[in-house]
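Have a look at the structure below before the remarks.
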Amino acid sequence: MESANCSYSRGYGIMDRWQWQWQVGLHCKSFFNSSLSPPYSKPPSSLSLRHKLRHGTHYLPPESHSLLHALHVSSRSGDTHLAKTVHATLLKRDEEDTHLSNALISTYLKLNLFPHALRLFLSLPSPNVVSYTTLISFLSKHRQHHALHLFLRMTTRSHLPPNEYTYVAVLTACSSLLHHFHFGLQLHAAALKTAHFDSPFVANALVSLYAKHASFHAALKLFNQIPRRDIASWNTIISAALQDSLYDTAFRLFRNMQATDAFRVDDFTLSILLTASASLMEGQQVHAHAVKLGLETDLNVGNGLIGFYSKFGNVDDVEWLFEGMRVRDVITWTEMVTAYMEFGLVNLALKVFDEMPEKNSVSYNTVLAGFCRNEQGFEAMRLFVRMVEEGLELTDFSLTSVVDACGLLGDYKVSKQVHGFAVKFGFGSNGYVEAALLDMYTRCGRMVDAGKMFLRWELEEFSSVVWTAMICGYARNGQPEEAIYLFHVGRSDGKVIMDEVAAASMLGLCGTIGHLDMGKQIHCHVIKCGLGFNLEVGNAVVSMYFKCGSVDDAMKVFGDMPCTDIVTWNTLISGNLMHRQGDRALEIWVEMLGEGIKPNQVTFVLIISAYRQTNLNLVDDCRNLFNSMRTVYQIEPTSRHYASFISVLGHWGLLQEALETINNMPFQPSALVWRVLLDGCRLHKNELIGKWAAQNILALEPKDPSTFILVSNLYSASGRWDRSEMVREDMREKGFRKHPAQSWIVCEKKINSFYPRDRSHPQEKDIQRGLEILILECLKIGYEPDTSFVLHEVEEHHKKIFLFHHSAKLAATYGILMTKPGKPIRIVKNILLCGDCHAFLKYASIVTKRDIFLRDSSGFHCFSNGQCSCKDCW
């Protein structure tokens, strides 16, 4: 019983294991009771059995046990013809043999012949509970809705009471469906009424259901009510703690298990603890415990160790473990693929994938997700097409990965094809795929299409995931008012459940628009709902405070977090970079390494960028770090890493070295690399290299709207206004649209958005009069409008009108009018602040005696008494 529970906790089907043991037992009985002559002391092959069954010369008499043996051989060897031959033999018999029919159904399912299994089941005159449970168990992993329908047919039409295995199968189906927790509650009540809750199988399945669809605390309460706990019960509740990122709780439960029930730790317990380890030291302690118990060579523990050292070790540690494993399974190989993808070694990951002796859907999905993680959307699409052409099993994870790949590509036509494919193959009603499709449309900038999808789904049962995806889409596409409105509507109607996904998404939105008050309210609600210890939510809270300019609050939340991961530390580094604190970011980098946290690709993008914002020129240190990525940290530099390094060289005026670095790159430089070089040329006014960079950008991204704007601006800057207008007209004809400049300011808990020359605000007249007065006062103390930032062929006085009505100036004026004297003004801008607005806000801080904080695409500008905190501004 204990081993059966362990197999359930590992995710294997209870009925599959039970049927297999039953068949093997019958086979052994027939084998030892038969009077076999010496030449037949070994079981025959599936081909031999099939031949003898078909031609009437049987290895054993054509009794049930010999046919059961043939089915066992069929399932072990994957011989579908042998199973069909047994089926034909069974049809010739006069009497009904339900046991043999059930075994044949199970064999068909193991051979992935579901239509054959279903036809056989429907042909049974009186299927019993085993017949139903065998089919329900299969459907619970593949077609959960059908599993529930079949269960209802069993209990209402056939009037068969479920056994413990039936309960486990149906509860597994409920766990996989978003909207069927209430059905699981009914099953809980039925299990209590029929005393099936006394079975550890059923109790563990219920704990798993509560952990997934209710909360960890509800699952823990149910766990404490289990009358007969086993090792699988403890493994289930520890896994539930891990699912909610409650790593400390997982270890505390482990200690309670040893103190109360005194169960011996098994391989699955250790693999859970390795996943729960939040630092190198914790994982090494679990590793040592495994060695002490003699379990370090166990397959599950070895797989867990590979997964752990993929996060906290280096590629050498992982390769050493892999090479030392005497036994490997498909999980082992898949873990190696995951590890290489995590380290950014895509080619090595593909090499391991090609060498795998056996592949399953998880293996392919791992490669798909790895491509997306490494921003190789095109390669992910190619692999998905291959999976479809080869008839491989597709899961909802496969669909969400390819949808994410479409989001990376931003290709509208391909996204439509993928959407049609998802609907055609029955994934259109899956909540996670729905959310991914909606997210894909928003990433492609097709908010109208996303809105139509959203409204269509509104007629059906909605999930919080879909609402959250739509809210994030509005925020991503510069529509914060719509995002906030939808959030409030969803909360009031009960459509948006404040789970970890919704909380993290809304905190991200508050950070994006700089809505500090609302961010604090959500933070309080998170604590009240018990989500304060969730790692993902904690990371979102830290990020929100940094983006809203509240560094002290961000650091306080970080200090109170019970556990951290690499995302936490990356958030800490990027937050300090946002506030242009490069030296502090480097100090955090040293602290992170001291804590044993393994850096990833994102970490190096950030930490290399930190050398742009240091008080001293530390280019030599930056160069050494960049060169050590491959040799010390086993992370292959990508285009983003080169872009970060070149931006450092450009910032400190080493433009020639930056150009040489680009020429020596091991792959084709991306447009991003040339853009950061162009930015360095702008800063140091190097027109020669700047023109070369601009030409390469135009060649690489001829259809990008920002490229059209770049070309137009280059023509405008040189006075070639006719050419500039021709480029913009060409852009309009091709349907390309650049997001306009936009500035936000939150006043009286309301978001106020401004565009250049915007006259749509209800208080537009007051804003215009206030801005005129503010400009006059700034002119008196030295402000000189710089009309070079107006790239339109108009008269000089018209250029000044354009310049005076930039969105940042309008937002700043509104903030000054609407807030009390002495209060700071906080503005968010979606693109880089222009040089004239930068100069204007310096003088405005003197005239109004206000601190003005503005966050643009480069980070924070803090204007105070005519000074700006940034070092590389205009």
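Convention: chains lettered A, B, ... in structure tokens order; per-chain residue numbering from 1; ligands numbered from 1 as shown.
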Using only C-alpha atoms, determine which residues lie at most 9 Å from Tyr755 in chain A, disregarding the query and same-chain residues fewer than 4 positions distant; provide the list as a ChimeraX atom specification. /A:740-743,759,805-808,810
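The closest residue to Ser644 in chain A, picked from A:Leu274, A:Ala610, A:Leu616, A:Leu111 and counting only C-alpha atoms, is A:Ala610.
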Could you give me, as a ChimeraX atom specification, each residue of range 801-848 of chain A that DSSP assigns to alpha helix (DSSP H) when run on this structure's backbone? /A:801-804,807-818,835-848
What is the CA of Asn303 in chain A to CA of Ile272 in chain A distance in Å? 10.9 Å
Might you pull out every residue within 9 Å of range 567-577 of chain A, with only C-alpha atoms counted and same-chain residues fewer than 6 positions away left off, and present them as a ChimeraX atom specification? /A:535-536,538-540,542-543,545-547,551,554-555,558,583-586,588-589,592,597,599,602-603,606-607,609-610,613,859
Check which residues of range 93-177 of chain A sit at most 10 Å from range 186-210 of chain A using only C-alpha atoms, and return one row each with the closest pair of atoms and their distance in Å to one decimal, ordered by chain and rising number, as JSON lines.
```
{"residue": "A:Pro161", "atom": "CA", "partner": "A:Thr194", "partner_atom": "CA", "distance": 9.4}
{"residue": "A:Pro162", "atom": "CA", "partner": "A:His196", "partner_atom": "CA", "distance": 9.4}
{"residue": "A:Asn163", "atom": "CA", "partner": "A:His196", "partner_atom": "CA", "distance": 7.8}
{"residue": "A:Glu164", "atom": "CA", "partner": "A:Val202", "partner_atom": "CA", "distance": 6.2}
{"residue": "A:Tyr165", "atom": "CA", "partner": "A:Phe201", "partner_atom": "CA", "distance": 7.6}
{"residue": "A:Thr166", "atom": "CA", "partner": "A:Val202", "partner_atom": "CA", "distance": 9.1}
{"residue": "A:Tyr167", "atom": "CA", "partner": "A:Val202", "partner_atom": "CA", "distance": 6.2}
{"residue": "A:Val168", "atom": "CA", "partner": "A:Val202", "partner_atom": "CA", "distance": 5.5}
{"residue": "A:Ala169", "atom": "CA", "partner": "A:Ala205", "partner_atom": "CA", "distance": 8.7}
{"residue": "A:Val170", "atom": "CA", "partner": "A:Leu187", "partner_atom": "CA", "distance": 8.5}
{"residue": "A:Leu171", "atom": "CA", "partner": "A:Ala205", "partner_atom": "CA", "distance": 6.3}
{"residue": "A:Thr172", "atom": "CA", "partner": "A:Ala205", "partner_atom": "CA", "distance": 6.9}
{"residue": "A:Ala173", "atom": "CA", "partner": "A:Leu209", "partner_atom": "CA", "distance": 9.5}
{"residue": "A:Cys174", "atom": "CA", "partner": "A:Leu209", "partner_atom": "CA", "distance": 7.3}
{"residue": "A:Ser175", "atom": "CA", "partner": "A:Leu209", "partner_atom": "CA", "distance": 5.2}
{"residue": "A:Ser176", "atom": "CA", "partner": "A:Leu209", "partner_atom": "CA", "distance": 8.8}
```
Output C-alpha atoms for every residue in that selection, as an mmCIF file, in the first residue's frame.
```cif
data_model
loop_
_atom_site.group_PDB
_atom_site.id
_atom_site.type_symbol
_atom_site.label_atom_id
_atom_site.label_comp_id
_atom_site.auth_asym_id
_atom_site.auth_seq_id
_atom_site.Cartn_x
_atom_site.Cartn_y
_atom_site.Cartn_z
ATOM 1 C CA PRO A 161 -20.957 3.034 -6.436
ATOM 2 C CA PRO A 162 -17.420 4.357 -7.028
ATOM 3 C CA ASN A 163 -14.461 2.737 -5.356
ATOM 4 C CA GLU A 164 -11.393 4.514 -4.024
ATOM 5 C CA TYR A 165 -9.623 4.367 -7.392
ATOM 6 C CA THR A 166 -12.631 5.973 -9.084
ATOM 7 C CA TYR A 167 -12.538 8.817 -6.587
ATOM 8 C CA VAL A 168 -8.825 9.362 -7.243
ATOM 9 C CA ALA A 169 -9.333 9.450 -11.029
ATOM 10 C CA VAL A 170 -12.255 11.908 -10.888
ATOM 11 C CA LEU A 171 -10.506 14.148 -8.353
ATOM 12 C CA THR A 172 -7.461 14.197 -10.655
ATOM 13 C CA ALA A 173 -9.719 15.404 -13.481
ATOM 14 C CA CYS A 174 -11.199 18.129 -11.252
ATOM 15 C CA SER A 175 -7.698 19.300 -10.337
ATOM 16 C CA SER A 176 -6.898 19.838 -14.015
#
```
Output as a tab-separated table one row per residue of range 207-322 of chain A within 9 Å of range 341-358 of chain A: the closest atom pair and its distance in Å to one decimal place, counting only C-alpha atoms, sorted by chain and residue number ascending.
```
residue	atom	partner	partner_atom	distance
A:Ser310	CA	A:Glu342	CA	7.2
A:Lys311	CA	A:Glu342	CA	8.0
A:Asn314	CA	A:Phe343	CA	8.3
A:Val315	CA	A:Phe343	CA	7.3
```
Since we have the selection now, will you write its residues out, keeping all heavy atoms, as a compact mmCIF listing (two decimals), in the first residue's frame?
```txt
# COMPACT_ATOMS: atom_id res chain seq x y z
N SER A 310 20.96 23.03 -11.66
CA SER A 310 20.70 23.89 -12.82
C SER A 310 20.36 25.31 -12.37
O SER A 310 20.62 26.28 -13.08
CB SER A 310 19.53 23.33 -13.65
OG SER A 310 19.86 22.07 -14.18
N LYS A 311 19.75 25.42 -11.17
CA LYS A 311 19.37 26.74 -10.65
C LYS A 311 20.48 27.38 -9.83
O LYS A 311 20.68 28.59 -9.90
CB LYS A 311 18.11 26.62 -9.78
CG LYS A 311 16.84 26.31 -10.54
CD LYS A 311 15.61 26.54 -9.69
CE LYS A 311 15.59 25.65 -8.47
NZ LYS A 311 14.35 25.84 -7.65
N ASN A 314 26.51 25.31 -11.51
CA ASN A 314 26.95 25.70 -12.84
C ASN A 314 26.84 24.50 -13.77
O ASN A 314 26.53 23.39 -13.35
CB ASN A 314 28.39 26.26 -12.80
CG ASN A 314 29.37 25.29 -12.16
OD1 ASN A 314 29.45 24.13 -12.54
ND2 ASN A 314 30.11 25.76 -11.18
N VAL A 315 27.13 24.73 -15.01
CA VAL A 315 26.93 23.68 -16.00
C VAL A 315 27.85 22.49 -15.75
O VAL A 315 27.50 21.34 -16.05
CB VAL A 315 27.11 24.26 -17.42
CG1 VAL A 315 28.57 24.60 -17.70
CG2 VAL A 315 26.55 23.31 -18.48
```
Selected residue of minimal separation from Leu409 in chain A among A:Cys444, A:Val433, A:Leu776, A:Ile238, counting only C-alpha atoms: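 Checking each of A:Cys444, A:Val433, A:Leu776, A:Ile238 against Leu409 in chain A, counting only C-alpha atoms, the winner is A:Cys444.
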Just the number, please: distance in Å from CA of Leu649 in chain A to CA of Arg682 in chain A, one decimal. 13.3 Å
Of the candidates A:Asn374, A:Thr813, A:Asn664, A:Ser361, which one gets nearest to Leu399 in chain A if we count only C-alpha atoms?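 Checking each of A:Asn374, A:Thr813, A:Asn664, A:Ser361 against Leu399 in chain A, counting only C-alpha atoms, the winner is A:Ser361.
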List the neighbours of Phe371 in chain A out to 10 Å using only C-alpha atoms; skip same-chain residues closer than 4 positions along the sequence, and give me the result as number ranges by chain. A: 341, 344, 346, 365-367, 375-381, 383, 401-402, 405
Do a neighbour search on Ala475 in chain A at 12 Å with only C-alpha atoms, toss out local chain neighbours closer than 4 positions, and write the hits as a short mmCIF file (atom, residue, chain, number, x, y, z; two decimals) with all heavy atoms, in the first residue's frame.
```cif
data_model
loop_
_atom_site.label_atom_id
_atom_site.label_comp_id
_atom_site.auth_asym_id
_atom_site.auth_seq_id
_atom_site.Cartn_x
_atom_site.Cartn_y
_atom_site.Cartn_z
N ASP A 439 -3.21 37.15 -24.60
CA ASP A 439 -1.93 37.81 -24.38
C ASP A 439 -1.16 37.97 -25.69
O ASP A 439 -0.52 38.99 -25.93
CB ASP A 439 -1.11 37.00 -23.36
CG ASP A 439 0.19 37.68 -22.99
OD1 ASP A 439 0.14 38.73 -22.33
OD2 ASP A 439 1.27 37.17 -23.36
N THR A 442 -2.49 40.91 -27.66
CA THR A 442 -2.08 42.19 -27.09
C THR A 442 -0.61 42.46 -27.39
O THR A 442 -0.22 43.61 -27.59
CB THR A 442 -2.32 42.21 -25.57
OG1 THR A 442 -1.54 41.19 -24.93
CG2 THR A 442 -3.78 41.99 -25.25
N ARG A 443 0.21 41.41 -27.41
CA ARG A 443 1.63 41.60 -27.73
C ARG A 443 1.84 41.96 -29.19
O ARG A 443 2.84 42.56 -29.56
CB ARG A 443 2.43 40.35 -27.38
CG ARG A 443 2.57 40.13 -25.88
CD ARG A 443 3.45 38.94 -25.55
NE ARG A 443 3.50 38.71 -24.13
CZ ARG A 443 4.29 39.34 -23.28
NH1 ARG A 443 5.13 40.26 -23.75
NH2 ARG A 443 4.28 39.07 -22.00
N GLY A 445 -0.09 43.97 -30.59
CA GLY A 445 -0.65 45.31 -30.70
C GLY A 445 -2.05 45.34 -31.28
O GLY A 445 -2.55 46.40 -31.67
N MET A 447 -5.24 45.26 -30.16
CA MET A 447 -6.14 45.37 -29.03
C MET A 447 -7.61 45.28 -29.45
O MET A 447 -8.46 44.84 -28.68
CB MET A 447 -5.90 46.68 -28.27
CG MET A 447 -4.57 46.71 -27.53
SD MET A 447 -4.37 45.32 -26.39
CE MET A 447 -5.72 45.60 -25.25
N THR A 468 -7.25 38.85 -16.24
CA THR A 468 -5.90 39.36 -15.94
C THR A 468 -5.12 39.60 -17.22
O THR A 468 -4.39 40.59 -17.34
CB THR A 468 -5.16 38.38 -15.02
OG1 THR A 468 -5.95 38.15 -13.85
CG2 THR A 468 -3.81 38.93 -14.61
N ALA A 469 -5.24 38.68 -18.18
CA ALA A 469 -4.52 38.84 -19.45
C ALA A 469 -4.97 40.10 -20.17
O ALA A 469 -4.16 40.83 -20.75
CB ALA A 469 -4.74 37.61 -20.33
N MET A 470 -6.28 40.38 -20.15
CA MET A 470 -6.79 41.57 -20.83
C MET A 470 -6.33 42.84 -20.13
O MET A 470 -5.97 43.84 -20.77
CB MET A 470 -8.32 41.53 -20.87
CG MET A 470 -8.94 42.54 -21.81
SD MET A 470 -8.49 42.22 -23.53
CE MET A 470 -9.12 43.70 -24.34
N ILE A 471 -6.33 42.82 -18.81
CA ILE A 471 -5.86 43.97 -18.04
C ILE A 471 -4.40 44.27 -18.37
O ILE A 471 -4.01 45.42 -18.62
CB ILE A 471 -6.03 43.71 -16.53
CG1 ILE A 471 -7.53 43.70 -16.16
CG2 ILE A 471 -5.30 44.77 -15.70
CD1 ILE A 471 -7.81 43.17 -14.77
N GLN A 479 -2.66 51.86 -22.42
CA GLN A 479 -4.04 52.21 -22.09
C GLN A 479 -4.30 51.92 -20.61
O GLN A 479 -5.10 51.04 -20.27
CB GLN A 479 -5.01 51.40 -22.98
CG GLN A 479 -4.87 51.71 -24.47
CD GLN A 479 -5.73 50.80 -25.34
OE1 GLN A 479 -5.30 49.74 -25.73
NE2 GLN A 479 -6.94 51.25 -25.62
N PRO A 480 -3.62 52.64 -19.73
CA PRO A 480 -3.74 52.33 -18.30
C PRO A 480 -5.12 52.59 -17.73
O PRO A 480 -5.56 51.88 -16.82
CB PRO A 480 -2.70 53.26 -17.66
CG PRO A 480 -2.54 54.39 -18.63
CD PRO A 480 -2.71 53.77 -19.98
N GLU A 481 -5.82 53.61 -18.26
CA GLU A 481 -7.16 53.89 -17.73
C GLU A 481 -8.09 52.70 -17.96
O GLU A 481 -8.85 52.31 -17.06
CB GLU A 481 -7.76 55.14 -18.41
CG GLU A 481 -6.98 56.41 -18.15
CD GLU A 481 -5.97 56.71 -19.24
OE1 GLU A 481 -5.55 55.75 -19.94
OE2 GLU A 481 -5.60 57.88 -19.41
N GLU A 482 -8.02 52.11 -19.17
CA GLU A 482 -8.85 50.95 -19.46
C GLU A 482 -8.48 49.77 -18.56
O GLU A 482 -9.34 49.02 -18.11
CB GLU A 482 -8.70 50.55 -20.93
CG GLU A 482 -9.34 51.51 -21.92
CD GLU A 482 -8.44 52.68 -22.26
OE1 GLU A 482 -7.41 52.85 -21.57
OE2 GLU A 482 -8.77 53.44 -23.19
N ALA A 483 -7.18 49.63 -18.29
CA ALA A 483 -6.73 48.53 -17.43
C ALA A 483 -7.26 48.69 -16.02
O ALA A 483 -7.77 47.73 -15.42
CB ALA A 483 -5.19 48.48 -17.42
N ILE A 484 -7.16 49.89 -15.47
CA ILE A 484 -7.64 50.14 -14.11
C ILE A 484 -9.16 49.95 -14.04
O ILE A 484 -9.69 49.34 -13.10
CB ILE A 484 -7.26 51.56 -13.65
CG1 ILE A 484 -5.73 51.71 -13.57
CG2 ILE A 484 -7.90 51.88 -12.30
CD1 ILE A 484 -5.08 50.90 -12.48
N TYR A 485 -9.85 50.47 -15.05
CA TYR A 485 -11.32 50.35 -15.07
C TYR A 485 -11.73 48.87 -15.10
O TYR A 485 -12.63 48.44 -14.35
CB TYR A 485 -11.88 51.08 -16.29
CG TYR A 485 -13.35 50.85 -16.52
CD1 TYR A 485 -14.31 51.50 -15.73
CD2 TYR A 485 -13.79 49.97 -17.51
CE1 TYR A 485 -15.65 51.28 -15.93
CE2 TYR A 485 -15.14 49.74 -17.71
CZ TYR A 485 -16.07 50.40 -16.92
OH TYR A 485 -17.40 50.17 -17.12
N LEU A 486 -11.08 48.09 -15.96
CA LEU A 486 -11.42 46.68 -16.08
C LEU A 486 -11.13 45.93 -14.78
O LEU A 486 -11.89 45.04 -14.37
CB LEU A 486 -10.63 46.05 -17.23
CG LEU A 486 -11.12 44.70 -17.74
CD1 LEU A 486 -12.52 44.81 -18.31
CD2 LEU A 486 -10.17 44.16 -18.80
N PHE A 487 -10.06 46.32 -14.11
CA PHE A 487 -9.73 45.68 -12.83
C PHE A 487 -10.83 45.94 -11.80
O PHE A 487 -11.27 45.01 -11.11
CB PHE A 487 -8.39 46.20 -12.33
CG PHE A 487 -8.04 45.73 -10.94
CD1 PHE A 487 -7.64 44.43 -10.71
CD2 PHE A 487 -8.12 46.60 -9.86
CE1 PHE A 487 -7.32 43.99 -9.43
CE2 PHE A 487 -7.80 46.18 -8.58
CZ PHE A 487 -7.39 44.87 -8.37
N SER A 505 0.08 40.74 -11.49
CA SER A 505 -0.21 41.52 -12.69
C SER A 505 -0.61 42.95 -12.35
O SER A 505 -0.15 43.90 -12.98
CB SER A 505 -1.32 40.84 -13.49
OG SER A 505 -0.95 39.54 -13.87
N MET A 506 -1.48 43.11 -11.36
CA MET A 506 -1.93 44.45 -11.00
C MET A 506 -0.81 45.26 -10.35
O MET A 506 -0.71 46.47 -10.55
CB MET A 506 -3.13 44.37 -10.07
CG MET A 506 -4.41 43.95 -10.77
SD MET A 506 -4.77 44.92 -12.25
CE MET A 506 -4.85 46.58 -11.58
N LEU A 507 0.03 44.60 -9.58
CA LEU A 507 1.18 45.31 -9.01
C LEU A 507 2.11 45.77 -10.14
O LEU A 507 2.66 46.88 -10.08
CB LEU A 507 1.94 44.40 -8.05
CG LEU A 507 1.24 44.16 -6.69
CD1 LEU A 507 1.87 42.97 -5.98
CD2 LEU A 507 1.33 45.40 -5.82
N GLY A 508 2.26 44.92 -11.16
CA GLY A 508 3.06 45.32 -12.32
C GLY A 508 2.46 46.51 -13.04
O GLY A 508 3.17 47.42 -13.48
N LEU A 509 1.13 46.53 -13.16
CA LEU A 509 0.44 47.66 -13.79
C LEU A 509 0.65 48.94 -13.00
O LEU A 509 0.93 50.01 -13.56
CB LEU A 509 -1.05 47.35 -13.93
CG LEU A 509 -1.94 48.49 -14.40
CD1 LEU A 509 -1.52 48.98 -15.78
CD2 LEU A 509 -3.40 48.06 -14.43
N CYS A 510 0.50 48.85 -11.67
CA CYS A 510 0.70 50.04 -10.82
C CYS A 510 2.12 50.57 -10.98
O CYS A 510 2.35 51.79 -11.00
CB CYS A 510 0.43 49.70 -9.36
SG CYS A 510 -1.30 49.33 -9.01
N GLY A 511 3.08 49.67 -11.08
CA GLY A 511 4.45 50.11 -11.30
C GLY A 511 4.63 50.76 -12.65
O GLY A 511 5.33 51.77 -12.78
N THR A 512 3.99 50.20 -13.67
CA THR A 512 4.13 50.75 -15.03
C THR A 512 3.63 52.18 -15.12
O THR A 512 4.26 53.04 -15.76
CB THR A 512 3.36 49.87 -16.03
OG1 THR A 512 3.90 48.54 -16.00
CG2 THR A 512 3.46 50.43 -17.44
N ILE A 513 2.49 52.47 -14.48
CA ILE A 513 1.91 53.81 -14.59
C ILE A 513 2.30 54.71 -13.41
O ILE A 513 1.89 55.86 -13.34
CB ILE A 513 0.38 53.74 -14.71
CG1 ILE A 513 -0.22 53.07 -13.47
CG2 ILE A 513 -0.02 53.02 -15.97
CD1 ILE A 513 -1.73 52.98 -13.51
N GLY A 514 3.06 54.16 -12.44
CA GLY A 514 3.48 54.96 -11.30
C GLY A 514 2.37 55.27 -10.32
O GLY A 514 2.40 56.31 -9.67
N ASN A 830 6.24 57.45 -21.59
CA ASN A 830 6.42 56.15 -22.24
C ASN A 830 7.64 56.06 -23.14
O ASN A 830 8.04 54.97 -23.54
CB ASN A 830 5.16 55.77 -23.04
CG ASN A 830 4.92 56.71 -24.21
OD1 ASN A 830 5.41 57.85 -24.23
ND2 ASN A 830 4.14 56.26 -25.18
#
```
Excluding same-chain residues fewer than 3 positions from range 691-693 of chain A, what lies within 8 Å of it counting only C-alpha atoms, as a list in words? Trp674, Arg675, Leu677, Leu678, Glu687, Leu688, Asn696 and Ile697 of chain A
Pairwise distance for CA of Arg153 in chain A and CA of Leu177 in chain A, rounded to one decimal in Å: 19.0 Å
Check the smallest atom-to-atom distance from each of A:Met440, A:Ile745, A:Ala435, A:Leu150 to Lys413 in chain A using only C-alpha atoms, then report the winner. A:Met440
Please list as number ranges by chain every residue within 12 Å of Asn112 in chain A, counting only C-alpha atoms and excluding residues in the same chain fewer than 2 positions away. A: 75, 78-80, 83, 105-110, 114-118, 138-139, 142, 392-393
The selected residues should be written to file as a short mmCIF file (atom, residue, chain, number, x, y, z; two decimals), in the first residue's frame (atoms: N, CA, C and O atoms).
```cif
data_model
loop_
_atom_site.label_atom_id
_atom_site.label_comp_id
_atom_site.auth_asym_id
_atom_site.auth_seq_id
_atom_site.Cartn_x
_atom_site.Cartn_y
_atom_site.Cartn_z
N SER A 75 1.16 -5.10 -24.20
CA SER A 75 1.38 -3.75 -23.65
C SER A 75 2.85 -3.49 -23.39
O SER A 75 3.32 -2.37 -23.58
N GLY A 78 4.45 -3.13 -26.94
CA GLY A 78 3.82 -2.15 -27.83
C GLY A 78 3.23 -2.76 -29.08
O GLY A 78 3.10 -2.08 -30.11
N ASP A 79 2.89 -4.04 -29.02
CA ASP A 79 2.36 -4.75 -30.18
C ASP A 79 0.84 -4.58 -30.23
O ASP A 79 0.08 -5.26 -29.54
N THR A 80 0.38 -3.68 -31.09
CA THR A 80 -1.06 -3.44 -31.20
C THR A 80 -1.78 -4.60 -31.89
O THR A 80 -2.94 -4.89 -31.58
N ALA A 83 -2.81 -7.31 -29.41
CA ALA A 83 -4.01 -6.94 -28.64
C ALA A 83 -5.27 -7.13 -29.48
O ALA A 83 -6.29 -7.63 -28.99
N ILE A 105 -9.38 -3.39 -22.36
CA ILE A 105 -9.56 -1.94 -22.37
C ILE A 105 -8.29 -1.25 -21.86
O ILE A 105 -7.80 -0.29 -22.46
N SER A 106 -7.75 -1.77 -20.76
CA SER A 106 -6.53 -1.20 -20.18
C SER A 106 -5.37 -1.29 -21.16
O SER A 106 -4.59 -0.34 -21.31
N THR A 107 -5.25 -2.43 -21.85
CA THR A 107 -4.16 -2.60 -22.82
C THR A 107 -4.31 -1.63 -23.98
O THR A 107 -3.33 -1.01 -24.42
N TYR A 108 -5.54 -1.49 -24.50
CA TYR A 108 -5.76 -0.53 -25.59
C TYR A 108 -5.35 0.88 -25.16
O TYR A 108 -4.75 1.64 -25.95
N LEU A 109 -5.66 1.26 -23.94
CA LEU A 109 -5.32 2.60 -23.46
C LEU A 109 -3.81 2.77 -23.34
O LEU A 109 -3.27 3.83 -23.67
N LYS A 110 -3.13 1.72 -22.88
CA LYS A 110 -1.67 1.81 -22.78
C LYS A 110 -1.03 1.90 -24.15
O LYS A 110 0.06 2.47 -24.30
N PHE A 114 -7.29 4.71 -27.95
CA PHE A 114 -8.48 5.10 -27.20
C PHE A 114 -9.78 4.76 -27.94
O PHE A 114 -10.73 4.27 -27.32
N PRO A 115 -9.89 5.00 -29.25
CA PRO A 115 -11.15 4.65 -29.94
C PRO A 115 -11.50 3.17 -29.79
O PRO A 115 -12.67 2.82 -29.63
N HIS A 116 -10.49 2.27 -29.85
CA HIS A 116 -10.75 0.84 -29.70
C HIS A 116 -11.24 0.54 -28.29
O HIS A 116 -12.17 -0.26 -28.09
N ALA A 117 -10.60 1.20 -27.29
CA ALA A 117 -11.00 0.97 -25.89
C ALA A 117 -12.43 1.45 -25.67
O ALA A 117 -13.22 0.77 -24.99
N LEU A 118 -12.77 2.59 -26.25
CA LEU A 118 -14.11 3.13 -26.06
C LEU A 118 -15.16 2.25 -26.72
O LEU A 118 -16.23 1.99 -26.14
N PHE A 138 -7.93 7.04 -17.50
CA PHE A 138 -7.25 7.52 -18.71
C PHE A 138 -7.75 8.91 -19.09
O PHE A 138 -6.95 9.82 -19.38
N LEU A 139 -9.06 9.11 -19.07
CA LEU A 139 -9.62 10.39 -19.47
C LEU A 139 -9.24 11.51 -18.51
O LEU A 139 -9.16 12.68 -18.90
N HIS A 142 -6.24 13.17 -19.98
CA HIS A 142 -6.25 13.66 -21.35
C HIS A 142 -7.50 14.46 -21.71
O HIS A 142 -7.41 15.47 -22.40
N LEU A 392 2.76 14.09 -33.13
CA LEU A 392 3.11 13.95 -31.72
C LEU A 392 1.99 14.50 -30.83
O LEU A 392 1.19 15.34 -31.26
N GLU A 393 1.96 14.02 -29.60
CA GLU A 393 0.92 14.46 -28.67
C GLU A 393 1.08 15.95 -28.35
O GLU A 393 2.17 16.40 -28.00
#
```
